[in-house]
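Source file upload_31.tsv; content: TSV, N, CA and C atoms.
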chain	number	residue	atom	x	y	z
A	1	MET	N	94.56	-96.44	-20.99
A	1	MET	CA	94.09	-97.02	-19.75
A	1	MET	C	95.20	-97.87	-19.16
A	2	ASN	N	95.43	-97.68	-17.88
A	2	ASN	CA	96.49	-98.45	-17.22
A	2	ASN	C	96.00	-99.86	-16.86
A	3	GLY	N	96.92	-100.69	-16.44
A	3	GLY	CA	96.60	-102.09	-16.15
A	3	GLY	C	95.61	-102.27	-15.02
A	4	ILE	N	95.76	-101.46	-13.96
A	4	ILE	CA	94.85	-101.58	-12.81
A	4	ILE	C	93.42	-101.20	-13.22
A	5	GLY	N	93.28	-100.14	-13.99
A	5	GLY	CA	91.94	-99.73	-14.44
A	5	GLY	C	91.28	-100.80	-15.28
A	6	ARG	N	92.06	-101.47	-16.11
A	6	ARG	CA	91.52	-102.53	-16.97
A	6	ARG	C	91.11	-103.74	-16.12
A	7	VAL	N	91.90	-104.06	-15.10
A	7	VAL	CA	91.55	-105.17	-14.21
A	7	VAL	C	90.27	-104.84	-13.46
A	8	ILE	N	90.15	-103.62	-12.98
A	8	ILE	CA	88.93	-103.21	-12.27
A	8	ILE	C	87.73	-103.32	-13.21
A	9	ALA	N	87.88	-102.83	-14.45
A	9	ALA	CA	86.79	-102.92	-15.42
A	9	ALA	C	86.43	-104.38	-15.70
A	10	ALA	N	87.43	-105.25	-15.79
A	10	ALA	CA	87.16	-106.67	-16.04
A	10	ALA	C	86.38	-107.29	-14.89
A	11	VAL	N	86.76	-106.94	-13.66
A	11	VAL	CA	86.04	-107.45	-12.49
A	11	VAL	C	84.60	-106.93	-12.49
A	12	VAL	N	84.43	-105.66	-12.84
A	12	VAL	CA	83.08	-105.08	-12.89
A	12	VAL	C	82.22	-105.79	-13.94
A	13	VAL	N	82.79	-106.03	-15.13
A	13	VAL	CA	82.03	-106.71	-16.19
A	13	VAL	C	81.65	-108.13	-15.76
A	14	ALA	N	82.58	-108.85	-15.16
A	14	ALA	CA	82.27	-110.19	-14.68
A	14	ALA	C	81.21	-110.14	-13.57
A	15	GLY	N	81.32	-109.16	-12.69
A	15	GLY	CA	80.31	-109.00	-11.64
A	15	GLY	C	78.94	-108.67	-12.19
A	16	ILE	N	78.90	-107.86	-13.24
A	16	ILE	CA	77.63	-107.52	-13.89
A	16	ILE	C	76.98	-108.78	-14.45
A	17	ALA	N	77.77	-109.59	-15.12
A	17	ALA	CA	77.23	-110.83	-15.68
A	17	ALA	C	76.70	-111.74	-14.57
A	18	GLY	N	77.43	-111.85	-13.49
A	18	GLY	CA	76.98	-112.66	-12.37
A	18	GLY	C	75.72	-112.12	-11.72
A	19	ALA	N	75.67	-110.81	-11.50
A	19	ALA	CA	74.48	-110.19	-10.91
A	19	ALA	C	73.28	-110.34	-11.83
A	20	TYR	N	73.50	-110.22	-13.12
A	20	TYR	CA	72.42	-110.40	-14.09
A	20	TYR	C	71.87	-111.82	-14.02
A	21	GLY	N	72.76	-112.79	-13.95
A	21	GLY	CA	72.31	-114.18	-13.82
A	21	GLY	C	71.51	-114.40	-12.54
A	22	VAL	N	71.94	-113.82	-11.44
A	22	VAL	CA	71.22	-113.94	-10.17
A	22	VAL	C	69.84	-113.28	-10.27
A	23	ALA	N	69.79	-112.10	-10.86
A	23	ALA	CA	68.50	-111.40	-10.99
A	23	ALA	C	67.52	-112.20	-11.85
A	24	LEU	N	68.00	-112.74	-12.97
A	24	LEU	CA	67.12	-113.56	-13.81
A	24	LEU	C	66.68	-114.83	-13.08
A	25	GLU	N	67.60	-115.42	-12.31
A	25	GLU	CA	67.25	-116.62	-11.56
A	25	GLU	C	66.17	-116.32	-10.52
A	26	ARG	N	66.27	-115.19	-9.86
A	26	ARG	CA	65.25	-114.82	-8.87
A	26	ARG	C	63.90	-114.55	-9.53
A	27	LEU	N	63.92	-113.91	-10.69
A	27	LEU	CA	62.67	-113.71	-11.41
A	27	LEU	C	62.08	-115.06	-11.82
A	28	ARG	N	62.91	-115.95	-12.29
A	28	ARG	CA	62.44	-117.28	-12.69
A	28	ARG	C	61.87	-118.03	-11.49
A	29	ARG	N	62.54	-117.95	-10.34
A	29	ARG	CA	62.05	-118.60	-9.12
A	29	ARG	C	60.70	-118.03	-8.69
A	30	PHE	N	60.56	-116.70	-8.79
A	30	PHE	CA	59.29	-116.06	-8.45
A	30	PHE	C	58.18	-116.58	-9.38
A	31	GLU	N	58.51	-116.69	-10.66
A	31	GLU	CA	57.52	-117.17	-11.64
A	31	GLU	C	57.11	-118.61	-11.33
A	32	ARG	N	58.07	-119.47	-11.01
A	32	ARG	CA	57.75	-120.86	-10.67
A	32	ARG	C	56.93	-120.94	-9.39
A	33	GLY	N	57.20	-120.06	-8.44
A	33	GLY	CA	56.45	-120.03	-7.19
A	33	GLY	C	54.99	-119.68	-7.38
A	34	ARG	N	54.70	-119.02	-8.45
A	34	ARG	CA	53.32	-118.65	-8.78
A	34	ARG	C	52.68	-119.68	-9.72
A	35	GLY	N	53.34	-120.80	-9.91
A	35	GLY	CA	52.80	-121.82	-10.79
A	35	GLY	C	52.85	-121.43	-12.26
A	36	GLY	N	53.78	-120.55	-12.60
A	36	GLY	CA	53.90	-120.10	-13.99
A	36	GLY	C	52.99	-118.93	-14.34
A	37	ALA	N	52.08	-118.59	-13.43
A	37	ALA	CA	51.19	-117.45	-13.69
A	37	ALA	C	51.97	-116.16	-13.49
A	38	ARG	N	51.88	-115.29	-14.44
A	38	ARG	CA	52.63	-114.04	-14.37
A	38	ARG	C	51.74	-112.90	-13.92
A	39	ARG	N	52.31	-112.05	-13.13
A	39	ARG	CA	51.64	-110.82	-12.76
A	39	ARG	C	51.79	-109.82	-13.89
A	40	TRP	N	51.00	-108.76	-13.88
A	40	TRP	CA	51.03	-107.77	-14.96
A	40	TRP	C	52.40	-107.11	-15.08
A	41	TRP	N	53.13	-106.99	-14.00
A	41	TRP	CA	54.40	-106.27	-14.01
A	41	TRP	C	55.59	-107.18	-14.29
A	42	PHE	N	55.37	-108.48	-14.39
A	42	PHE	CA	56.49	-109.40	-14.49
A	42	PHE	C	57.35	-109.14	-15.73
A	43	GLY	N	56.72	-108.94	-16.87
A	43	GLY	CA	57.47	-108.66	-18.10
A	43	GLY	C	58.26	-107.37	-17.99
A	44	TYR	N	57.67	-106.37	-17.32
A	44	TYR	CA	58.38	-105.10	-17.12
A	44	TYR	C	59.58	-105.29	-16.21
A	45	ALA	N	59.47	-106.14	-15.21
A	45	ALA	CA	60.60	-106.40	-14.30
A	45	ALA	C	61.75	-107.04	-15.07
A	46	ARG	N	61.43	-108.00	-15.91
A	46	ARG	CA	62.48	-108.64	-16.71
A	46	ARG	C	63.11	-107.63	-17.68
A	47	ASP	N	62.29	-106.79	-18.30
A	47	ASP	CA	62.81	-105.76	-19.20
A	47	ASP	C	63.71	-104.79	-18.45
A	48	ALA	N	63.32	-104.42	-17.23
A	48	ALA	CA	64.14	-103.49	-16.44
A	48	ALA	C	65.48	-104.12	-16.09
A	49	VAL	N	65.49	-105.40	-15.74
A	49	VAL	CA	66.74	-106.10	-15.44
A	49	VAL	C	67.62	-106.14	-16.68
A	50	ASN	N	67.03	-106.46	-17.83
A	50	ASN	CA	67.81	-106.50	-19.08
A	50	ASN	C	68.38	-105.14	-19.42
A	51	LEU	N	67.58	-104.09	-19.33
A	51	LEU	CA	68.04	-102.75	-19.67
A	51	LEU	C	69.12	-102.26	-18.71
A	52	ALA	N	68.91	-102.45	-17.42
A	52	ALA	CA	69.90	-102.01	-16.44
A	52	ALA	C	71.23	-102.73	-16.65
A	53	THR	N	71.17	-104.02	-16.91
A	53	THR	CA	72.39	-104.78	-17.16
A	53	THR	C	73.10	-104.29	-18.41
A	54	ALA	N	72.34	-104.06	-19.46
A	54	ALA	CA	72.95	-103.59	-20.71
A	54	ALA	C	73.61	-102.23	-20.53
A	55	VAL	N	72.97	-101.32	-19.82
A	55	VAL	CA	73.54	-99.98	-19.62
A	55	VAL	C	74.82	-100.05	-18.78
A	56	VAL	N	74.78	-100.79	-17.69
A	56	VAL	CA	75.95	-100.88	-16.82
A	56	VAL	C	77.09	-101.62	-17.53
A	57	ALA	N	76.77	-102.70	-18.26
A	57	ALA	CA	77.81	-103.42	-19.00
A	57	ALA	C	78.42	-102.53	-20.07
A	58	TRP	N	77.60	-101.77	-20.77
A	58	TRP	CA	78.11	-100.88	-21.81
A	58	TRP	C	79.06	-99.84	-21.20
A	59	CYS	N	78.66	-99.27	-20.06
A	59	CYS	CA	79.52	-98.30	-19.39
A	59	CYS	C	80.85	-98.93	-18.97
A	60	ALA	N	80.81	-100.14	-18.44
A	60	ALA	CA	82.05	-100.80	-18.02
A	60	ALA	C	82.91	-101.15	-19.23
A	61	LEU	N	82.30	-101.59	-20.31
A	61	LEU	CA	83.08	-101.94	-21.50
A	61	LEU	C	83.64	-100.71	-22.20
A	62	ARG	N	83.06	-99.54	-21.95
A	62	ARG	CA	83.59	-98.30	-22.53
A	62	ARG	C	84.98	-97.99	-22.00
A	63	VAL	N	85.38	-98.61	-20.90
A	63	VAL	CA	86.72	-98.40	-20.36
A	63	VAL	C	87.76	-98.86	-21.36
A	64	GLY	N	87.52	-99.97	-22.03
A	64	GLY	CA	88.52	-100.52	-22.93
A	64	GLY	C	88.20	-100.41	-24.40
A	65	PHE	N	86.94	-100.08	-24.76
A	65	PHE	CA	86.54	-100.09	-26.15
A	65	PHE	C	85.80	-98.81	-26.52
A	66	ASP	N	85.79	-98.50	-27.82
A	66	ASP	CA	85.01	-97.37	-28.32
A	66	ASP	C	83.52	-97.67	-28.14
A	67	GLY	N	82.70	-96.62	-28.22
A	67	GLY	CA	81.26	-96.75	-28.00
A	67	GLY	C	80.57	-97.83	-28.81
A	68	PRO	N	80.67	-97.81	-30.15
A	68	PRO	CA	79.98	-98.84	-30.93
A	68	PRO	C	80.50	-100.25	-30.64
A	69	THR	N	81.80	-100.38	-30.46
A	69	THR	CA	82.37	-101.69	-30.15
A	69	THR	C	81.88	-102.17	-28.79
A	70	ALA	N	81.83	-101.28	-27.81
A	70	ALA	CA	81.33	-101.64	-26.49
A	70	ALA	C	79.86	-102.06	-26.57
A	71	LEU	N	79.10	-101.41	-27.43
A	71	LEU	CA	77.69	-101.78	-27.60
A	71	LEU	C	77.55	-103.18	-28.20
A	72	VAL	N	78.36	-103.48	-29.21
A	72	VAL	CA	78.33	-104.82	-29.82
A	72	VAL	C	78.72	-105.88	-28.78
A	73	LEU	N	79.74	-105.61	-28.00
A	73	LEU	CA	80.16	-106.56	-26.97
A	73	LEU	C	79.11	-106.70	-25.87
A	74	THR	N	78.42	-105.61	-25.56
A	74	THR	CA	77.34	-105.67	-24.56
A	74	THR	C	76.24	-106.60	-25.04
A	75	VAL	N	75.83	-106.45	-26.28
A	75	VAL	CA	74.81	-107.34	-26.83
A	75	VAL	C	75.32	-108.77	-26.85
A	76	ALA	N	76.60	-108.94	-27.19
A	76	ALA	CA	77.19	-110.28	-27.22
A	76	ALA	C	77.27	-110.90	-25.83
A	77	LEU	N	77.22	-110.11	-24.79
A	77	LEU	CA	77.22	-110.62	-23.42
A	77	LEU	C	75.80	-110.83	-22.91
A	78	VAL	N	74.95	-109.82	-23.05
A	78	VAL	CA	73.62	-109.86	-22.43
A	78	VAL	C	72.68	-110.82	-23.15
A	79	LEU	N	72.66	-110.83	-24.46
A	79	LEU	CA	71.74	-111.70	-25.20
A	79	LEU	C	72.00	-113.18	-24.93
A	80	PRO	N	73.25	-113.65	-25.00
A	80	PRO	CA	73.47	-115.07	-24.66
A	80	PRO	C	73.09	-115.40	-23.22
A	81	LEU	N	73.35	-114.49	-22.29
A	81	LEU	CA	72.97	-114.75	-20.90
A	81	LEU	C	71.46	-114.90	-20.77
A	82	TYR	N	70.73	-114.04	-21.44
A	82	TYR	CA	69.26	-114.13	-21.39
A	82	TYR	C	68.79	-115.45	-22.03
A	83	LEU	N	69.36	-115.79	-23.18
A	83	LEU	CA	68.96	-117.02	-23.86
A	83	LEU	C	69.32	-118.26	-23.04
A	84	LEU	N	70.49	-118.22	-22.38
A	84	LEU	CA	70.86	-119.34	-21.51
A	84	LEU	C	69.91	-119.44	-20.33
A	85	ASP	N	69.54	-118.32	-19.76
A	85	ASP	CA	68.59	-118.34	-18.65
A	85	ASP	C	67.28	-118.96	-19.10
A	86	TRP	N	66.78	-118.55	-20.25
A	86	TRP	CA	65.51	-119.09	-20.72
A	86	TRP	C	65.63	-120.58	-21.02
A	87	THR	N	66.69	-120.95	-21.72
A	87	THR	CA	66.86	-122.35	-22.13
A	87	THR	C	67.03	-123.27	-20.93
A	88	PHE	N	67.95	-122.92	-20.05
A	88	PHE	CA	68.23	-123.81	-18.92
A	88	PHE	C	67.24	-123.62	-17.78
A	89	GLY	N	66.67	-122.44	-17.63
A	89	GLY	CA	65.76	-122.19	-16.53
A	89	GLY	C	64.33	-122.58	-16.80
A	90	ARG	N	63.91	-122.43	-18.03
A	90	ARG	CA	62.51	-122.69	-18.34
A	90	ARG	C	62.34	-123.95	-19.17
A	91	ALA	N	63.07	-124.05	-20.24
A	91	ALA	CA	62.87	-125.18	-21.15
A	91	ALA	C	63.44	-126.48	-20.58
A	92	LEU	N	64.64	-126.41	-20.00
A	92	LEU	CA	65.29	-127.63	-19.50
A	92	LEU	C	65.25	-127.75	-17.98
A	93	ALA	N	65.03	-126.65	-17.30
A	93	ALA	CA	64.97	-126.62	-15.83
A	93	ALA	C	66.21	-127.25	-15.19
A	94	THR	N	67.39	-126.78	-15.62
A	94	THR	CA	68.65	-127.25	-15.05
A	94	THR	C	69.45	-126.05	-14.56
A	95	PRO	N	69.19	-125.58	-13.33
A	95	PRO	CA	69.84	-124.36	-12.86
A	95	PRO	C	71.36	-124.48	-12.70
A	96	ARG	N	71.88	-125.66	-12.39
A	96	ARG	CA	73.33	-125.78	-12.23
A	96	ARG	C	74.06	-125.54	-13.54
A	97	LEU	N	73.52	-126.08	-14.62
A	97	LEU	CA	74.13	-125.86	-15.92
A	97	LEU	C	74.04	-124.39	-16.31
A	98	ARG	N	72.94	-123.75	-15.98
A	98	ARG	CA	72.78	-122.33	-16.27
A	98	ARG	C	73.82	-121.52	-15.51
A	99	ARG	N	74.04	-121.85	-14.25
A	99	ARG	CA	75.04	-121.13	-13.45
A	99	ARG	C	76.43	-121.31	-14.04
A	100	ALA	N	76.74	-122.50	-14.49
A	100	ALA	CA	78.05	-122.75	-15.10
A	100	ALA	C	78.20	-121.95	-16.38
A	101	ALA	N	77.15	-121.88	-17.18
A	101	ALA	CA	77.21	-121.11	-18.42
A	101	ALA	C	77.35	-119.62	-18.14
A	102	ILE	N	76.67	-119.13	-17.12
A	102	ILE	CA	76.79	-117.72	-16.74
A	102	ILE	C	78.21	-117.42	-16.27
A	103	ALA	N	78.78	-118.32	-15.48
A	103	ALA	CA	80.16	-118.13	-15.02
A	103	ALA	C	81.13	-118.11	-16.20
A	104	LEU	N	80.90	-118.98	-17.17
A	104	LEU	CA	81.76	-119.03	-18.35
A	104	LEU	C	81.66	-117.73	-19.15
A	105	LEU	N	80.45	-117.23	-19.34
A	105	LEU	CA	80.28	-115.98	-20.07
A	105	LEU	C	80.87	-114.80	-19.29
A	106	ALA	N	80.74	-114.81	-17.97
A	106	ALA	CA	81.32	-113.75	-17.16
A	106	ALA	C	82.84	-113.75	-17.29
A	107	ALA	N	83.43	-114.93	-17.26
A	107	ALA	CA	84.88	-115.04	-17.44
A	107	ALA	C	85.30	-114.58	-18.83
A	108	SER	N	84.50	-114.92	-19.84
A	108	SER	CA	84.80	-114.49	-21.21
A	108	SER	C	84.74	-112.98	-21.34
A	109	ALA	N	83.74	-112.37	-20.72
A	109	ALA	CA	83.62	-110.91	-20.78
A	109	ALA	C	84.79	-110.25	-20.08
A	110	ALA	N	85.19	-110.80	-18.94
A	110	ALA	CA	86.34	-110.24	-18.22
A	110	ALA	C	87.62	-110.39	-19.05
A	111	ALA	N	87.76	-111.53	-19.71
A	111	ALA	CA	88.94	-111.74	-20.56
A	111	ALA	C	88.96	-110.77	-21.72
A	112	ALA	N	87.79	-110.51	-22.31
A	112	ALA	CA	87.71	-109.54	-23.41
A	112	ALA	C	88.11	-108.15	-22.94
A	113	GLU	N	87.69	-107.79	-21.74
A	113	GLU	CA	88.05	-106.48	-21.20
A	113	GLU	C	89.56	-106.39	-20.97
A	114	LEU	N	90.15	-107.46	-20.45
A	114	LEU	CA	91.59	-107.47	-20.21
A	114	LEU	C	92.38	-107.45	-21.52
A	115	ALA	N	91.81	-108.04	-22.56
A	115	ALA	CA	92.49	-108.10	-23.86
A	115	ALA	C	92.11	-106.94	-24.78
A	116	ALA	N	91.48	-105.92	-24.23
A	116	ALA	CA	91.00	-104.79	-25.04
A	116	ALA	C	92.07	-104.15	-25.92
A	117	PRO	N	93.32	-103.98	-25.44
A	117	PRO	CA	94.31	-103.37	-26.32
A	117	PRO	C	94.53	-104.16	-27.62
A	118	ARG	N	94.41	-105.47	-27.54
A	118	ARG	CA	94.59	-106.29	-28.75
A	118	ARG	C	93.28	-106.49	-29.50
A	119	LEU	N	92.18	-106.67	-28.77
A	119	LEU	CA	90.89	-106.92	-29.40
A	119	LEU	C	90.23	-105.65	-29.93
A	120	GLY	N	90.52	-104.52	-29.28
A	120	GLY	CA	89.87	-103.26	-29.66
A	120	GLY	C	89.97	-102.95	-31.14
A	121	PRO	N	91.18	-102.93	-31.72
A	121	PRO	CA	91.28	-102.62	-33.16
A	121	PRO	C	90.55	-103.63	-34.05
A	122	ILE	N	90.54	-104.89	-33.64
A	122	ILE	CA	89.84	-105.91	-34.43
A	122	ILE	C	88.34	-105.63	-34.44
A	123	PHE	N	87.78	-105.39	-33.24
A	123	PHE	CA	86.35	-105.11	-33.15
A	123	PHE	C	86.00	-103.78	-33.80
A	124	ASP	N	86.88	-102.79	-33.66
A	124	ASP	CA	86.63	-101.49	-34.31
A	124	ASP	C	86.55	-101.66	-35.83
A	125	ASP	N	87.46	-102.45	-36.40
A	125	ASP	CA	87.43	-102.71	-37.84
A	125	ASP	C	86.16	-103.45	-38.24
A	126	LEU	N	85.75	-104.42	-37.41
A	126	LEU	CA	84.53	-105.18	-37.69
A	126	LEU	C	83.30	-104.27	-37.67
A	127	VAL	N	83.21	-103.44	-36.64
A	127	VAL	CA	82.06	-102.52	-36.55
A	127	VAL	C	82.07	-101.53	-37.71
A	128	ALA	N	83.24	-101.04	-38.06
A	128	ALA	CA	83.35	-100.10	-39.19
A	128	ALA	C	82.95	-100.77	-40.50
A	129	ALA	N	83.29	-102.04	-40.66
A	129	ALA	CA	82.97	-102.75	-41.89
A	129	ALA	C	81.48	-102.96	-42.08
A	130	VAL	N	80.74	-103.13	-41.00
A	130	VAL	CA	79.30	-103.39	-41.13
A	130	VAL	C	78.45	-102.14	-40.90
A	131	SER	N	79.08	-101.02	-40.58
A	131	SER	CA	78.32	-99.79	-40.33
A	131	SER	C	77.95	-99.13	-41.64
A	132	PRO	N	76.72	-98.59	-41.72
A	132	PRO	CA	76.34	-97.88	-42.93
A	132	PRO	C	77.13	-96.58	-43.07
A	133	ARG	N	77.36	-96.19	-44.29
A	133	ARG	CA	78.14	-94.96	-44.52
A	133	ARG	C	77.29	-93.95	-45.22

Please lay out the structure from this file as structure tokens.
Amino acid sequence: MNGIGRVIAAVVVAGIAGAYGVALERLRRFERGRGGARRWWFGYARDAVNLATAVVAWCALRVGFDGPTALVLTVALVLPLYLLDWTFGRALATPRLRRAAIALLAASAAAAELAAPRLGPIFDDLVAAVSPR
């Protein structure tokens, strides 16, 4: 992969993290607007946002990493974002801190994509070490 392709992939991964944070924030705002009462489809909407983000992030991370490594990095990106959204959006109700954490994770994901030539072999070895044989 050439340098421009890696930069584009890094921007896409950072954009995915940002869009995911915005989507979760809008769902959270909708939930608060209803006084915390959830509609029957609300859980499905959150699941759809999580799944779509995971699929798109995995595809973007495949630019620099092998499939299993990209999957591990996708989980390492999406799960903390979801937990930060829940913690700061629901438990602590501090949206500014949540936005800062999302920006930090987006920057971290972009940096990982840019550093794929060096990080790839490390993550590949890690995935191989924990994979069943």

Name the residues in contact with A:Val63 at a cut-off of 7 Å, using all atoms listed in the file, excluding same-chain residues fewer than 3 positions from it; report them as a PDB file with N, CA and C atoms, in the frame of the given file.
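Once written, selection04.pdb looks like this:
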ATOM      1  N   MET A   1      94.560 -96.440 -20.990  1.00  0.00           N
ATOM      2  CA  MET A   1      94.090 -97.020 -19.750  1.00  0.00           C
ATOM      3  C   MET A   1      95.200 -97.870 -19.160  1.00  0.00           C
ATOM      4  N   ARG A   6      92.060-101.470 -16.110  1.00  0.00           N
ATOM      5  CA  ARG A   6      91.520-102.530 -16.970  1.00  0.00           C
ATOM      6  C   ARG A   6      91.110-103.740 -16.120  1.00  0.00           C
ATOM      7  N   ALA A   9      87.880-102.830 -14.450  1.00  0.00           N
ATOM      8  CA  ALA A   9      86.790-102.920 -15.420  1.00  0.00           C
ATOM      9  C   ALA A   9      86.430-104.380 -15.700  1.00  0.00           C
ATOM     10  N   TRP A  58      77.600-101.770 -20.770  1.00  0.00           N
ATOM     11  CA  TRP A  58      78.110-100.880 -21.810  1.00  0.00           C
ATOM     12  C   TRP A  58      79.060 -99.840 -21.200  1.00  0.00           C
ATOM     13  N   CYS A  59      78.660 -99.270 -20.060  1.00  0.00           N
ATOM     14  CA  CYS A  59      79.520 -98.300 -19.390  1.00  0.00           C
ATOM     15  C   CYS A  59      80.850 -98.930 -18.970  1.00  0.00           C
ATOM     16  N   ALA A  60      80.810-100.140 -18.440  1.00  0.00           N
ATOM     17  CA  ALA A  60      82.050-100.800 -18.020  1.00  0.00           C
ATOM     18  C   ALA A  60      82.910-101.150 -19.230  1.00  0.00           C
ATOM     19  N   ASP A  66      85.790 -98.500 -27.820  1.00  0.00           N
ATOM     20  CA  ASP A  66      85.010 -97.370 -28.320  1.00  0.00           C
ATOM     21  C   ASP A  66      83.520 -97.670 -28.140  1.00  0.00           C
TER      22      ASP A  66
END

Can you pull out every residue from chain A that DSSP, working from the backbone, puts in helix (DSSP H, G or I), and format the result as a ChimeraX atom specification?
/A:3-33,42-61,67-91,95-114,116-130

So, counting all atoms listed in the file, which residue among A:Leu79, A:Val72, A:Ile102, A:Ile4 is closest to A:Ala17?
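Looking at the shortest contact to A:Ala17, the residue is A:Ile102.
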
Would you list the contacts of A:Pro68 as a PyMOL selection string, taking every protein, DNA or RNA residue within 10 Å and counting only C-alpha atoms, but skipping same-chain residues closer than 5 positions in sequence?
chain A and resi 58+62+73-74+123-124+127-128+131

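Between atom CA of A:Arg46 and atom CA of A:Glu25 the separation is 10.6 Å.
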
Name the closest residue to A:Leu61 among the candidates A:Leu24, A:Trp40, A:Ala100, A:Ala116; distances are taken between atoms, counting only C-alpha atoms.
A:Ala116

Across A:Ile122, A:Ala23, A:Val13, A:Ala106, the smallest distance to A:Ala57, with only N, CA and C atoms counted, is shown by A:Val13

Considering only C-alpha atoms, can you say which of A:Val75, A:Val55, A:Ala129, A:Leu104 comes closest to A:Ala14?
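Residue with the minimum atom-to-atom distance to A:Ala14: A:Leu104.
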
Residue among A:Gly67, A:Val12, A:Gly33, A:Arg38 lying closest to A:Thr53, counting only C-alpha atoms
A:Val12

Between A:Val49, A:Val56, A:Gly64, A:Tyr82, single out the one closest to A:Leu114, counting only N, CA and C atoms.
A:Gly64
